[in-house]
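What follows is a set of notes on a single structure, which appears directly below.
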Amino acid sequence: MPELPEVETTKNGLKKLLLNKKILKVEIRNPNLRWRVDDSIIFKLQSQTIQSFSRRGKYILFNLDRGHLMIHLGMSGNINVTDCPTSLEKHDHFLLYFNDRMMRLNDPRRFGSIFFLEDLNHKLLNSLGVEPLSEDFHSNYLYINSRKKSRNIKSFIMDGKVVVGVGNIYACESLHKSGINPKTKACNISRERYQNLSKQIQNVLRKAIKAGGTTLQDFAKVDGNPGYFSQELSVYGRENESCYKCNGKIRRIIQNQRSTFYCPICQK
DNA sequence: ACACTAACCTGCAAGC
DNA sequence: TGCTTGCAGGTTAGTG
């Protein structure tokens, strides 16, 4: 269920429930995720205490006594913390047991991933772009990095090597709020429009993280499914409905193998 | 260096 | 009712 706000919410929930907990047992029920989970992770994690949690892009980092557990939720991943014992569900692939509770990674499509890192110098982390809510994502960042980029603006802002955490929903939403047509070439967008776009990206993410906070209460529940769709979305999933801004008809097109929702009237 | 595709999976809803 | 099709919140490796 994860775009950046979901991951941030998940990370904060884990912090609440698992900080300073000692991992007593590790169980891999299905190692075939995006990358096969190596059995050696079991003894590497065992007996370690979780010192802190952090997030980089859509990766959740469990910072341990020695090394880090890094988890990505892919398209359909979800982490639950429950009392122990709990009846397991289909697609519960990876389990951590603590003295009085357990953590389950459930991921039907198995696009998620799990790694043990000795340190944070890892290929997948090193290739990530800036955090959208950090100072590095300043008003000129997108403008500067988009010069000579002929690809469309939507794929540009969804590129994790440019800026992390902007998934399909928030790419559509922030482009709509900025009044930018998603088909526009990244190099053809002015500095002024990029300043607006970066602000809209931050706004939409901050707002969603705040909304994710309400999800937090459900976090420990067995049936706790994040209420992601409670967002009020302006264009995403609203094909053929009317635009809140201009009453135009919202269209769905395919860009880079993904659905794009936009309003052809007010996104130019 | 850049742009774009195929690929990794399951589940669900819609259409026939 | 069952079958087929299309679609889903991500991201990498590979190709040209």
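Labeling convention for the structure tokens: chains A, B, ... as they appear, residues from 1 per chain, ligands from 1 in order of appearance.
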
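For stretch 73-194 of chain A, the set of residues given strand (DSSP E) by DSSP on the backbone reads Asn78, Ile79, Asn80, Val81, Thr82, Asp83, Asp92, His93, Phe94, Leu95, Leu96, Tyr97, Arg101, Met102, Met103, Arg104, Leu105, Asn106, Ser113, Ile114, Phe115, Phe116 and Leu117 of chain A.
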
Could you list the residues in chain B lying within 12 Å of chain A, using only C-alpha atoms (C1' of nucleotides), and format the result as a ChimeraX atom specification?
-> /B:1-11

Residue neighbourhood A:Ile28, 7 Å, only C-alpha atoms (C1' of nucleotides), exclusion window fewer than 2 positions, as number ranges by chain = A: 26, 30-31, 93-95

Pull the closest atom pair for each residue of chain A that gets at most 10 Å from chain C, along with the distance in Å to one decimal, counting only C-alpha atoms (C1' of nucleotides), ordering rows by chain and then ascending residue number, as a tab-separated table.
```
residue	atom	partner	partner_atom	distance
A:Met1	CA	C:DG9	C1'	5.1
A:Pro2	CA	C:DG9	C1'	5.3
A:Glu3	CA	C:DG9	C1'	5.9
A:Leu4	CA	C:DG9	C1'	9.7
A:Glu6	CA	C:DG9	C1'	9.2
A:Arg34	CA	C:DT12	C1'	9.6
A:Lys58	CA	C:DG10	C1'	9.3
A:His72	CA	C:DG10	C1'	9.3
A:Leu73	CA	C:DG10	C1'	8.6
A:Gly74	CA	C:DG10	C1'	5.2
A:Met75	CA	C:DG10	C1'	5.5
A:Ser76	CA	C:DG9	C1'	7.4
A:Gly77	CA	C:DG9	C1'	9.8
A:Phe111	CA	C:DG10	C1'	7.4
A:Gly112	CA	C:DG10	C1'	8.4
A:Leu124	CA	C:DT12	C1'	9.5
A:Asp159	CA	C:DT11	C1'	9.3
A:Gly160	CA	C:DT11	C1'	8.5
A:Gly167	CA	C:DG9	C1'	7.2
A:Asn168	CA	C:DG9	C1'	7.1
A:Ile169	CA	C:DG9	C1'	7.2
A:Tyr170	CA	C:DG9	C1'	9.7
A:Tyr228	CA	C:DG9	C1'	9.1
A:Arg258	CA	C:DA8	C1'	9.8
A:Ser259	CA	C:DC7	C1'	9.3
```

How would the residues just chosen look if you wrote them out with N, CA and C atoms as an mmCIF file, in the first residue's frame?
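File result07.cif, as written:
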```cif
data_model
loop_
_atom_site.group_PDB
_atom_site.id
_atom_site.type_symbol
_atom_site.label_atom_id
_atom_site.label_comp_id
_atom_site.auth_asym_id
_atom_site.auth_seq_id
_atom_site.Cartn_x
_atom_site.Cartn_y
_atom_site.Cartn_z
ATOM 1 N N MET A 1 0.822 -1.195 0.000
ATOM 2 C CA MET A 1 0.000 0.000 0.000
ATOM 3 C C MET A 1 0.858 1.248 0.000
ATOM 4 N N PRO A 2 2.008 1.194 -0.527
ATOM 5 C CA PRO A 2 2.943 2.210 -0.126
ATOM 6 C C PRO A 2 3.324 3.234 -1.178
ATOM 7 N N GLU A 3 2.996 4.463 -0.898
ATOM 8 C CA GLU A 3 3.813 5.540 -1.425
ATOM 9 C C GLU A 3 4.515 6.087 -0.199
ATOM 10 N N LEU A 4 5.248 7.145 -0.349
ATOM 11 C CA LEU A 4 6.061 7.614 0.768
ATOM 12 C C LEU A 4 5.275 7.816 2.071
ATOM 13 N N GLU A 6 2.704 6.284 3.224
ATOM 14 C CA GLU A 6 2.407 4.985 3.823
ATOM 15 C C GLU A 6 3.636 4.400 4.493
ATOM 16 N N ARG A 34 11.064 -9.857 -4.304
ATOM 17 C CA ARG A 34 11.712 -9.234 -5.464
ATOM 18 C C ARG A 34 13.116 -9.795 -5.653
ATOM 19 N N LYS A 58 11.542 4.811 -0.039
ATOM 20 C CA LYS A 58 10.492 3.915 0.430
ATOM 21 C C LYS A 58 11.063 2.715 1.172
ATOM 22 N N HIS A 72 11.561 -3.118 1.930
ATOM 23 C CA HIS A 72 10.765 -2.358 0.965
ATOM 24 C C HIS A 72 9.429 -3.065 0.797
ATOM 25 N N LEU A 73 8.358 -2.313 0.740
ATOM 26 C CA LEU A 73 7.026 -2.918 0.706
ATOM 27 C C LEU A 73 6.511 -3.190 -0.709
ATOM 28 N N GLY A 74 7.276 -2.783 -1.700
ATOM 29 C CA GLY A 74 6.845 -3.039 -3.078
ATOM 30 C C GLY A 74 5.492 -2.417 -3.360
ATOM 31 N N MET A 75 4.668 -3.127 -4.110
ATOM 32 C CA MET A 75 3.340 -2.616 -4.483
ATOM 33 C C MET A 75 2.282 -2.997 -3.457
ATOM 34 N N SER A 76 2.463 -4.143 -2.848
ATOM 35 C CA SER A 76 1.352 -4.687 -2.053
ATOM 36 C C SER A 76 1.771 -5.098 -0.644
ATOM 37 N N GLY A 77 2.946 -4.656 -0.227
ATOM 38 C CA GLY A 77 3.449 -5.073 1.080
ATOM 39 C C GLY A 77 2.778 -4.343 2.233
ATOM 40 N N PHE A 111 6.584 -8.036 -4.578
ATOM 41 C CA PHE A 111 7.516 -7.073 -5.169
ATOM 42 C C PHE A 111 8.357 -6.406 -4.092
ATOM 43 N N GLY A 112 8.068 -6.693 -2.872
ATOM 44 C CA GLY A 112 8.833 -6.138 -1.765
ATOM 45 C C GLY A 112 10.205 -6.780 -1.669
ATOM 46 N N LEU A 124 21.431 -0.089 -3.636
ATOM 47 C CA LEU A 124 20.055 0.388 -3.798
ATOM 48 C C LEU A 124 19.813 1.714 -3.087
ATOM 49 N N ASP A 159 10.931 9.378 -10.983
ATOM 50 C CA ASP A 159 12.228 8.701 -11.023
ATOM 51 C C ASP A 159 12.933 8.827 -9.675
ATOM 52 N N GLY A 160 13.087 7.711 -9.007
ATOM 53 C CA GLY A 160 13.706 7.697 -7.686
ATOM 54 C C GLY A 160 15.148 8.161 -7.663
ATOM 55 N N GLY A 167 5.182 8.537 -5.955
ATOM 56 C CA GLY A 167 4.622 7.413 -6.700
ATOM 57 C C GLY A 167 3.555 7.881 -7.664
ATOM 58 N N ASN A 168 2.859 6.941 -8.236
ATOM 59 C CA ASN A 168 1.916 7.246 -9.300
ATOM 60 C C ASN A 168 0.793 8.181 -8.847
ATOM 61 N N ILE A 169 0.268 7.943 -7.660
ATOM 62 C CA ILE A 169 -0.827 8.785 -7.181
ATOM 63 C C ILE A 169 -0.376 10.230 -7.003
ATOM 64 N N TYR A 170 0.701 10.404 -6.268
ATOM 65 C CA TYR A 170 1.117 11.769 -5.935
ATOM 66 C C TYR A 170 1.764 12.492 -7.095
ATOM 67 N N TYR A 228 -5.867 4.109 3.190
ATOM 68 C CA TYR A 228 -5.212 4.934 2.179
ATOM 69 C C TYR A 228 -6.202 5.713 1.338
ATOM 70 N N ARG A 258 2.171 3.134 -17.016
ATOM 71 C CA ARG A 258 1.352 3.411 -15.836
ATOM 72 C C ARG A 258 0.200 4.332 -16.216
ATOM 73 N N SER A 259 -0.907 4.211 -15.498
ATOM 74 C CA SER A 259 -2.024 5.121 -15.727
ATOM 75 C C SER A 259 -1.672 6.531 -15.261
#
```

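Contact shell of A:Arg56 at 10 Å (only C-alpha atoms (C1' of nucleotides); same-chain neighbours under 6 positions omitted): Leu4, Val7, Glu8, Met70, Leu125, Leu128, Gly129, Val130, Glu131, Val164 and Gly165 of chain A.
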
Give me the residues within 12 Å of A:Gly67 as a ChimeraX atom specification, counting only C-alpha atoms (C1' of nucleotides) and dropping any in the same chain fewer than 4 places off.
-> /A:41,44-46,48-52,61-63,115-122

Which value, in Å to one decimal, gives the distance between atom CA of A:Thr86 and atom CA of A:Leu18?
->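 Distance between the two atoms: 16.5 Å.
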
Kindly give the distance, in Å, that separates atom CA of A:Ser242 and atom CA of A:Cys263, rounded to a single decimal.
->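 Straight-line distance from atom CA of A:Ser242 to atom CA of A:Cys263 works out to 8.5 Å.
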
Backbone DSSP call of helix (DSSP H, G or I) for stretch 66-253 of chain A, listed as an MDAnalysis selection string = chainID A and resid 123:126 141:146 153:158 168:178 186:188 191:218 228:230

Those selected residues, please, written with C-alpha atoms and delivered as a PDB file, in the first residue's frame.
```
ATOM      1  CA  LYS A 123      23.821  -0.058  -4.081  1.00  0.00           C
ATOM      2  CA  LEU A 124      20.055   0.388  -3.798  1.00  0.00           C
ATOM      3  CA  LEU A 125      20.404   3.223  -1.297  1.00  0.00           C
ATOM      4  CA  ASN A 126      23.298   4.927  -3.007  1.00  0.00           C
ATOM      5  CA  TYR A 141      16.389  21.389  -7.701  1.00  0.00           C
ATOM      6  CA  LEU A 142      13.963  20.070 -10.301  1.00  0.00           C
ATOM      7  CA  TYR A 143      14.704  22.911 -12.695  1.00  0.00           C
ATOM      8  CA  ILE A 144      18.442  22.389 -12.570  1.00  0.00           C
ATOM      9  CA  ASN A 145      18.229  18.635 -12.964  1.00  0.00           C
ATOM     10  CA  SER A 146      15.708  18.689 -15.774  1.00  0.00           C
ATOM     11  CA  ILE A 153       7.547  15.436 -16.562  1.00  0.00           C
ATOM     12  CA  LYS A 154       5.583  12.665 -14.915  1.00  0.00           C
ATOM     13  CA  SER A 155       8.249  10.028 -15.389  1.00  0.00           C
ATOM     14  CA  PHE A 156      10.849  12.605 -14.361  1.00  0.00           C
ATOM     15  CA  ILE A 157       9.302  13.266 -10.949  1.00  0.00           C
ATOM     16  CA  MET A 158       8.572   9.570 -10.450  1.00  0.00           C
ATOM     17  CA  ASN A 168       1.916   7.246  -9.300  1.00  0.00           C
ATOM     18  CA  ILE A 169      -0.827   8.785  -7.181  1.00  0.00           C
ATOM     19  CA  TYR A 170       1.117  11.769  -5.935  1.00  0.00           C
ATOM     20  CA  ALA A 171       2.757  12.379  -9.276  1.00  0.00           C
ATOM     21  CA  CYS A 172      -0.699  12.752 -10.816  1.00  0.00           C
ATOM     22  CA  GLU A 173      -1.984  14.829  -7.932  1.00  0.00           C
ATOM     23  CA  SER A 174       0.917  17.254  -7.729  1.00  0.00           C
ATOM     24  CA  LEU A 175       0.945  17.821 -11.492  1.00  0.00           C
ATOM     25  CA  HIS A 176      -2.741  18.610 -11.369  1.00  0.00           C
ATOM     26  CA  LYS A 177      -2.270  21.035  -8.505  1.00  0.00           C
ATOM     27  CA  SER A 178       0.532  22.704 -10.456  1.00  0.00           C
ATOM     28  CA  ALA A 186      10.812  18.006 -18.408  1.00  0.00           C
ATOM     29  CA  CYS A 187      13.256  20.328 -20.176  1.00  0.00           C
ATOM     30  CA  ASN A 188      10.461  22.574 -21.400  1.00  0.00           C
ATOM     31  CA  ARG A 191      11.926  27.643 -13.314  1.00  0.00           C
ATOM     32  CA  GLU A 192       8.754  29.285 -12.007  1.00  0.00           C
ATOM     33  CA  ARG A 193       6.597  26.296 -12.779  1.00  0.00           C
ATOM     34  CA  TYR A 194       9.128  23.988 -11.141  1.00  0.00           C
ATOM     35  CA  GLN A 195       9.091  26.107  -8.017  1.00  0.00           C
ATOM     36  CA  ASN A 196       5.365  25.658  -7.888  1.00  0.00           C
ATOM     37  CA  LEU A 197       5.582  21.941  -8.655  1.00  0.00           C
ATOM     38  CA  SER A 198       8.111  21.221  -5.936  1.00  0.00           C
ATOM     39  CA  LYS A 199       5.921  23.073  -3.456  1.00  0.00           C
ATOM     40  CA  GLN A 200       2.882  21.059  -4.525  1.00  0.00           C
ATOM     41  CA  ILE A 201       4.790  17.789  -4.220  1.00  0.00           C
ATOM     42  CA  GLN A 202       5.767  18.685  -0.680  1.00  0.00           C
ATOM     43  CA  ASN A 203       2.276  19.819   0.226  1.00  0.00           C
ATOM     44  CA  VAL A 204       0.593  16.722  -1.065  1.00  0.00           C
ATOM     45  CA  LEU A 205       3.086  14.442   0.682  1.00  0.00           C
ATOM     46  CA  ARG A 206       2.904  16.306   3.991  1.00  0.00           C
ATOM     47  CA  LYS A 207      -0.860  16.247   3.898  1.00  0.00           C
ATOM     48  CA  ALA A 208      -0.899  12.526   3.188  1.00  0.00           C
ATOM     49  CA  ILE A 209       1.567  11.800   5.975  1.00  0.00           C
ATOM     50  CA  LYS A 210      -0.685  13.677   8.325  1.00  0.00           C
ATOM     51  CA  ALA A 211      -3.660  11.642   7.135  1.00  0.00           C
ATOM     52  CA  GLY A 212      -1.544   8.522   7.551  1.00  0.00           C
ATOM     53  CA  GLY A 213      -1.343   9.418  11.195  1.00  0.00           C
ATOM     54  CA  THR A 214      -4.940   8.417  11.624  1.00  0.00           C
ATOM     55  CA  THR A 215      -4.009   5.062  10.144  1.00  0.00           C
ATOM     56  CA  LEU A 216      -1.536   4.659  12.966  1.00  0.00           C
ATOM     57  CA  GLN A 217      -4.194   3.679  15.466  1.00  0.00           C
ATOM     58  CA  ASP A 218      -5.086   0.680  13.375  1.00  0.00           C
ATOM     59  CA  TYR A 228      -5.212   4.934   2.179  1.00  0.00           C
ATOM     60  CA  PHE A 229      -8.194   5.706   0.030  1.00  0.00           C
ATOM     61  CA  SER A 230      -9.649   8.102   2.537  1.00  0.00           C
TER      62      SER A 230
END
```

Compare A:Lys11, A:Arg101, A:Lys90, A:Lys249 by their minimum atom-to-atom distance to A:Ile71, counting only C-alpha atoms, and give me the closest one.
->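 Among the listed residues, the smallest separation from A:Ile71 belongs to A:Lys11.
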
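Take atom CA of A:Asp38 and atom CA of A:Arg104: the distance between them is 17.3 Å.
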